[in-house]
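Asker: Got a file for you: protein_33.cif, mmCIF, C-alpha atoms.
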```
data_query
#
loop_
_atom_site.label_atom_id
_atom_site.label_comp_id
_atom_site.auth_asym_id
_atom_site.auth_seq_id
_atom_site.Cartn_x
_atom_site.Cartn_y
_atom_site.Cartn_z
CA ALA A 1 48.38 76.38 136.74
CA LEU A 2 48.00 72.97 135.16
CA TRP A 3 47.48 69.77 137.08
CA ALA A 4 48.62 66.64 135.24
CA CYS A 5 46.62 63.61 136.34
CA ALA A 6 47.13 59.97 135.44
CA GLY A 7 45.03 58.65 132.59
CA ARG A 8 43.00 56.62 135.03
CA ALA A 9 41.60 58.70 137.88
CA ARG A 10 41.51 57.33 141.41
CA CYS A 11 40.45 58.77 144.73
CA GLY A 12 42.03 58.32 148.15
CA ASP A 13 45.36 56.81 149.13
CA GLY A 14 46.64 53.31 148.91
CA PRO A 15 45.49 51.82 145.54
CA PRO A 16 47.81 49.47 143.65
CA GLY A 17 50.61 51.42 142.08
CA ALA A 18 50.53 54.32 144.56
CA GLY A 19 53.07 55.39 147.11
CA GLY A 20 55.65 52.77 147.91
CA SER A 21 54.76 49.68 145.85
CA PRO A 22 56.40 50.20 142.44
CA ARG A 23 60.19 50.47 142.65
CA ALA A 24 61.21 50.43 138.99
CA GLY A 25 63.54 53.25 137.98
CA VAL A 26 62.02 56.15 136.03
CA THR A 27 63.72 58.86 133.98
CA VAL A 28 61.72 62.10 133.73
CA ILE A 29 62.70 64.34 130.81
CA LEU A 30 61.63 67.99 131.01
CA PRO A 31 62.51 70.37 128.15
CA VAL A 32 62.87 73.87 129.62
CA LYS A 33 63.12 77.38 128.23
CA GLY A 34 63.23 80.48 130.39
CA CYS A 35 61.52 80.96 133.75
CA HIS A 36 57.74 81.22 133.39
CA ASP A 37 55.19 82.11 136.07
CA ASP A 38 55.21 79.76 139.07
CA PHE A 39 58.17 77.87 137.63
CA GLN A 40 59.74 77.18 141.00
CA ALA A 41 56.52 75.88 142.59
CA ASN A 42 55.97 73.60 139.59
CA TRP A 43 59.51 72.23 139.69
CA VAL A 44 59.35 71.63 143.43
CA ALA A 45 56.09 69.67 142.97
CA GLN A 46 57.69 67.58 140.23
CA LEU A 47 60.84 66.86 142.23
CA SER A 48 58.79 65.97 145.31
CA MET A 49 56.51 63.35 143.76
CA ASP A 50 55.61 60.39 145.97
CA TYR A 51 57.39 57.42 144.39
CA ALA A 52 59.45 54.70 146.05
CA GLY A 53 61.77 53.86 143.14
CA PRO A 54 64.74 55.74 141.68
CA LEU A 55 63.76 58.96 139.88
CA GLN A 56 66.19 60.59 137.46
CA PHE A 57 65.15 64.10 136.42
CA LEU A 58 66.74 65.49 133.26
CA PHE A 59 66.01 69.18 132.69
CA VAL A 60 67.13 70.01 129.15
CA ALA A 61 67.70 73.58 127.94
CA GLU A 62 69.10 74.77 124.65
CA SER A 63 72.19 76.30 126.25
CA ARG A 64 73.79 77.15 129.57
CA SER A 65 72.83 80.79 128.99
CA ASP A 66 69.12 79.97 129.22
CA PRO A 67 67.82 81.35 132.56
CA ALA A 68 66.18 77.98 133.26
CA PHE A 69 69.57 76.22 133.24
CA ARG A 70 70.84 78.19 136.22
CA ALA A 71 67.45 78.30 137.96
CA VAL A 72 67.07 74.51 137.98
CA ARG A 73 70.58 74.03 139.31
CA GLU A 74 70.04 76.55 142.09
CA LEU A 75 66.72 74.99 143.06
CA SER A 76 68.05 71.42 143.14
CA ASP A 77 71.06 72.53 145.22
CA THR A 78 68.76 74.38 147.62
CA MET A 79 66.40 71.40 147.94
CA ALA A 80 69.35 69.06 148.46
CA ALA A 81 70.36 71.28 151.38
CA SER A 82 66.77 71.19 152.71
CA MET A 83 66.45 74.96 152.44
CA ALA A 84 63.49 75.31 150.07
CA GLY A 85 60.73 74.31 152.47
CA SER A 86 60.83 70.94 150.71
CA CYS A 87 63.92 68.73 150.65
CA LEU A 88 65.04 66.62 147.73
CA PRO A 89 63.98 62.99 148.35
CA PRO A 90 66.91 60.56 148.63
CA ASN A 91 65.71 58.54 145.63
CA VAL A 92 65.80 61.59 143.32
CA SER A 93 68.70 62.71 141.15
CA VAL A 94 68.69 65.92 139.10
CA GLU A 95 70.75 66.80 136.05
CA VAL A 96 70.60 69.94 133.92
CA LEU A 97 71.69 69.46 130.32
CA ALA A 98 72.41 71.81 127.43
CA SER A 99 71.33 70.22 124.15
CA GLY A 100 72.64 72.83 121.73
CA LYS A 101 70.63 74.59 119.06
CA ALA A 102 68.24 72.45 117.01
CA ARG A 103 69.04 72.36 113.32
CA ALA A 104 66.60 69.85 111.84
CA CYS A 105 63.54 69.87 114.13
CA SER A 106 61.85 71.97 116.80
CA GLN A 107 63.97 72.92 119.81
CA LYS A 108 61.61 71.08 122.15
CA ALA A 109 61.90 67.85 120.16
CA HIS A 110 65.67 68.28 120.05
CA ASN A 111 65.79 68.73 123.83
CA LEU A 112 63.66 65.62 124.36
CA LEU A 113 65.87 63.49 122.14
CA HIS A 114 68.98 64.79 123.89
CA GLY A 115 67.48 63.79 127.23
CA LEU A 116 66.41 60.39 125.95
CA GLU A 117 69.95 59.62 124.84
CA ARG A 118 71.11 60.31 128.40
CA ALA A 119 68.44 58.37 130.26
CA ALA A 120 69.88 56.06 132.89
CA ALA A 121 70.42 52.52 131.64
CA GLU A 122 68.82 51.28 134.87
CA SER A 123 65.53 53.12 134.22
CA SER A 124 62.61 50.89 133.29
CA TYR A 125 60.37 53.77 132.21
CA VAL A 126 60.76 57.18 130.58
CA LEU A 127 58.33 60.00 131.33
CA VAL A 128 58.19 63.01 129.01
CA LEU A 129 56.74 65.89 131.02
CA ASP A 130 56.11 69.59 130.41
CA ASP A 131 57.85 71.67 133.04
CA ASP A 132 54.96 74.17 133.41
CA VAL A 133 52.52 71.76 135.08
CA ARG A 134 51.74 71.36 138.78
CA VAL A 135 51.69 67.58 139.00
CA HIS A 136 49.72 65.35 141.33
CA ARG A 137 52.08 63.80 143.87
CA ARG A 138 51.22 60.24 142.74
CA LEU A 139 51.54 60.86 139.01
CA VAL A 140 54.60 58.66 138.44
CA ALA A 141 53.33 55.92 140.76
CA GLU A 142 49.97 55.78 138.98
CA LEU A 143 51.49 55.65 135.51
CA VAL A 144 54.02 52.98 136.49
CA GLY A 145 51.21 51.04 138.16
CA GLU A 146 49.29 50.95 134.87
CA PHE A 147 52.30 49.48 133.08
CA GLN A 148 52.80 46.87 135.78
CA ARG A 149 49.16 45.81 135.58
CA ARG A 150 49.10 45.76 131.76
CA PRO A 151 52.08 44.09 130.07
CA ASP A 152 50.70 44.99 126.62
CA LEU A 153 50.57 48.74 127.34
CA PHE A 154 52.80 50.84 125.09
CA LEU A 155 52.10 54.35 126.41
CA ALA A 156 50.38 55.95 129.40
CA THR A 157 49.33 59.58 129.29
CA GLY A 158 47.78 62.30 131.43
CA TYR A 159 45.66 65.32 130.75
CA PRO A 160 45.86 68.98 131.87
CA PHE A 161 43.26 70.70 134.00
CA ASP A 162 43.57 74.47 133.73
CA VAL A 163 43.11 76.71 136.77
CA PRO A 164 43.58 80.30 135.50
CA PRO A 165 44.73 82.70 138.24
CA ALA A 166 42.77 85.84 138.94
CA GLY A 167 43.23 88.47 136.25
CA SER A 168 44.08 85.99 133.48
CA SER A 169 43.44 86.96 129.88
CA VAL A 170 40.50 85.70 127.88
CA TRP A 171 42.89 83.37 126.05
CA ALA A 172 43.59 81.50 129.28
CA TYR A 173 39.88 80.81 129.64
CA CYS A 174 39.69 79.79 125.98
CA ALA A 175 42.38 77.18 126.68
CA LEU A 176 40.44 76.04 129.76
CA THR A 177 37.26 75.64 127.69
CA TRP A 178 39.08 73.72 124.96
CA HIS A 179 40.63 71.30 127.43
CA LEU A 180 37.31 70.76 129.20
CA LEU A 181 35.65 69.92 125.88
CA LEU A 182 38.28 67.23 125.24
CA LEU A 183 38.26 65.85 128.78
CA PRO A 184 35.51 63.20 128.13
CA PHE A 185 37.73 61.58 125.49
CA PHE A 186 40.43 61.06 128.14
CA SER A 187 37.98 59.69 130.70
CA PHE A 188 38.00 56.17 129.29
CA HIS A 189 40.46 53.67 130.70
CA ARG A 190 41.91 53.23 127.23
CA THR A 191 42.00 56.14 124.81
CA LEU A 192 43.34 56.93 121.36
CA PHE A 193 44.21 60.45 122.51
CA VAL A 194 47.64 61.39 123.82
CA TRP A 195 48.65 64.59 125.58
CA GLY A 196 52.21 65.45 124.64
CA GLY A 197 52.77 67.16 127.99
CA CYS A 198 52.68 63.84 129.87
CA MET A 199 53.72 60.61 128.16
CA MET A 200 55.29 57.55 129.79
CA PHE A 201 56.92 54.73 127.82
CA ARG A 202 58.76 51.58 128.69
CA ALA A 203 62.43 52.43 128.27
CA GLU A 204 62.97 49.07 126.57
CA ASP A 205 60.42 49.94 123.87
CA LEU A 206 62.23 53.20 123.07
CA ARG A 207 65.49 51.31 122.72
CA LYS A 208 64.12 48.61 120.40
CA ASP A 209 65.02 48.82 116.73
CA LYS A 210 61.38 48.83 115.67
CA VAL A 211 60.71 52.02 117.64
CA ARG A 212 64.09 53.75 117.50
CA PRO A 213 63.91 54.93 113.83
CA ALA A 214 60.63 56.76 114.48
CA THR A 215 61.85 58.12 117.79
CA PHE A 216 65.05 59.55 116.43
CA ALA A 217 63.65 60.77 113.11
CA GLY A 218 63.64 64.26 114.58
CA THR A 219 67.42 64.40 114.38
CA ASP A 220 67.12 64.12 110.59
CA GLY A 221 64.41 66.73 110.27
CA ASN A 222 61.57 64.32 109.56
CA THR A 223 59.43 65.34 112.50
CA SER A 224 58.94 68.11 115.01
#
```
What would you get if you wrote out this structure as structure tokens?
Answerer:
Amino acid sequence: ALWACAGRARCGDGPPGAGGSPRAGVTVILPVKGCHDDFQANWVAQLSMDYAGPLQFLFVAESRSDPAFRAVRELSDTMAASMAGSCLPPNVSVEVLASGKARACSQKAHNLLHGLERAAAESSYVLVLDDDVRVHRRLVAELVGEFQRRPDLFLATGYPFDVPPAGSSVWAYCALTWHLLLLPFFSFHRTLFVWGGCMMFRAEDLRKDKVRPATFAGTDGNTS
């Protein structure tokens, strides 16, 4: 499993930005494909994050025939009915989208762009998140807190910590070693490194003309 932590680590409960203080709306975009190991536990953790503001989750698959499309819908319906051992918080909305087949960029980039186009107009922040991570419950609150403390901040990121289950292949431990080697570079309060599996932006910045051409270049095949 992977645990995504905020770029600035904190211990204990109750620091600025945690729990109930930030109330700005956040859209979380998760490109999905198939149903990997522990997918349901990961999705439940993501949908159950401790955040006081509105949370819009957009799960984006290539098509309705992708197993993940049906699985997300079933899970969100079950959680909404409080039947999954964890109910869907009242501030959380879930949508499952089919983006169609990518023609000019990677499918993941295409899914992300499709989700970005459908982010709620009321959202102040957009979080791009891999769906195969077991997130810390305060992830969104911590990232939003950083933006609220730092008006000049353009992007806040996280970093994965690998916990290979028993019986994992040697490649799983190679990935663990690689991520551990890079961890010191993410330990500074400000870093030049970005993990693509956890990136939060101000929604306004993604809508500005100076950022939009680079953001949407993927639709023209200029980036993947």
Asker: On this structure, which residues satisfy the PyMOL selection byres ((chain A and resi 165) around 12), written as a list in words?
Answerer: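 Evaluating the PyMOL selection byres ((chain A and resi 165) around 12) on these coordinates yields Ala1, Leu2, Asp37, Asp38, Asp162, Val163, Pro164, Ala166, Gly167, Ser168, Ser169, Val170, Ala172, Tyr173 and Leu176 of chain A.
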Asker: Once the PyMOL selection byres ((chain A and resi 201-206) around 9) is applied to the coordinates I shared, what remains selected? I want it as number ranges by chain.
Answerer: A: 26-27, 116, 119, 121, 123-128, 147, 153-156, 199-200, 207-212, 215
Asker: Could you tell me how far atom CA of A:Gly34 lies from atom CA of A:Trp178, in Å and to one decimal?
Answerer: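 Going from atom CA of A:Gly34 over to atom CA of A:Trp178 covers 25.7 Å.
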Asker: Calculate how many Å separate atom CA of A:Tyr159 from atom CA of A:Val133, rounding to one decimal.
Answerer: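 Separation between atom CA of A:Tyr159 and atom CA of A:Val133: 10.4 Å.
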Asker: What is the atom CA of A:Ile29 to atom CA of A:Leu112 distance in Å?
Answerer: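 Spanning atom CA of A:Ile29 to atom CA of A:Leu112 is a straight-line distance of 6.6 Å.
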Asker: I'd like the residues picked by the PyMOL selection byres ((chain A and resi 24) around 10) written out as a list in words, using the chain letters and numbers from the file.
Answerer: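 Given this file, the PyMOL selection byres ((chain A and resi 24) around 10) evaluates to Ser21, Pro22, Arg23, Gly25, Val26, Tyr51, Ala52, Gly53, Pro54, Leu55, Glu122, Ser123, Ser124, Tyr125, Ala141, Val144 and Gln148 of chain A.
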Asker: May I have the protein, DNA and RNA residues with any atom at most 7 Å from the point (52.0, 66.0, 131.9), counting all atoms listed in the file, written as a list of chain:residue names?
Answerer: A:Ala4, A:Leu129, A:Asp130, A:Val133, A:Gly158, A:Tyr159, A:Pro160, A:Gly197, A:Cys198, A:Met199
Asker: Nearest to A:Pro90: which of A:Asp66, A:Asp131, A:Asp50, A:Glu117 is it, counting all atoms listed in the file?
Answerer: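 Using all atoms listed in the file, A:Pro90 sits closest to A:Asp50.
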Asker: May I have the protein, DNA and RNA residues with any atom at most 12 Å from the point (62.0, 79.5, 146.1), counting all atoms listed in the file, written as a ChimeraX atom specification?
Answerer: /A:38-45,71-72,74-79,82-87
Asker: Those residues with C-alpha atoms, as a PDB file, in the coordinates of the input please?
Answerer:
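Generated output (selection_8.pdb):
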```pdb
ATOM      1  CA  ASP A  38      55.210  79.760 139.070  1.00  0.00           C
ATOM      2  CA  PHE A  39      58.170  77.870 137.630  1.00  0.00           C
ATOM      3  CA  GLN A  40      59.740  77.180 141.000  1.00  0.00           C
ATOM      4  CA  ALA A  41      56.520  75.880 142.590  1.00  0.00           C
ATOM      5  CA  ASN A  42      55.970  73.600 139.590  1.00  0.00           C
ATOM      6  CA  TRP A  43      59.510  72.230 139.690  1.00  0.00           C
ATOM      7  CA  VAL A  44      59.350  71.630 143.430  1.00  0.00           C
ATOM      8  CA  ALA A  45      56.090  69.670 142.970  1.00  0.00           C
ATOM      9  CA  ALA A  71      67.450  78.300 137.960  1.00  0.00           C
ATOM     10  CA  VAL A  72      67.070  74.510 137.980  1.00  0.00           C
ATOM     11  CA  GLU A  74      70.040  76.550 142.090  1.00  0.00           C
ATOM     12  CA  LEU A  75      66.720  74.990 143.060  1.00  0.00           C
ATOM     13  CA  SER A  76      68.050  71.420 143.140  1.00  0.00           C
ATOM     14  CA  ASP A  77      71.060  72.530 145.220  1.00  0.00           C
ATOM     15  CA  THR A  78      68.760  74.380 147.620  1.00  0.00           C
ATOM     16  CA  MET A  79      66.400  71.400 147.940  1.00  0.00           C
ATOM     17  CA  SER A  82      66.770  71.190 152.710  1.00  0.00           C
ATOM     18  CA  MET A  83      66.450  74.960 152.440  1.00  0.00           C
ATOM     19  CA  ALA A  84      63.490  75.310 150.070  1.00  0.00           C
ATOM     20  CA  GLY A  85      60.730  74.310 152.470  1.00  0.00           C
ATOM     21  CA  SER A  86      60.830  70.940 150.710  1.00  0.00           C
ATOM     22  CA  CYS A  87      63.920  68.730 150.650  1.00  0.00           C
TER      23      CYS A  87
END
```
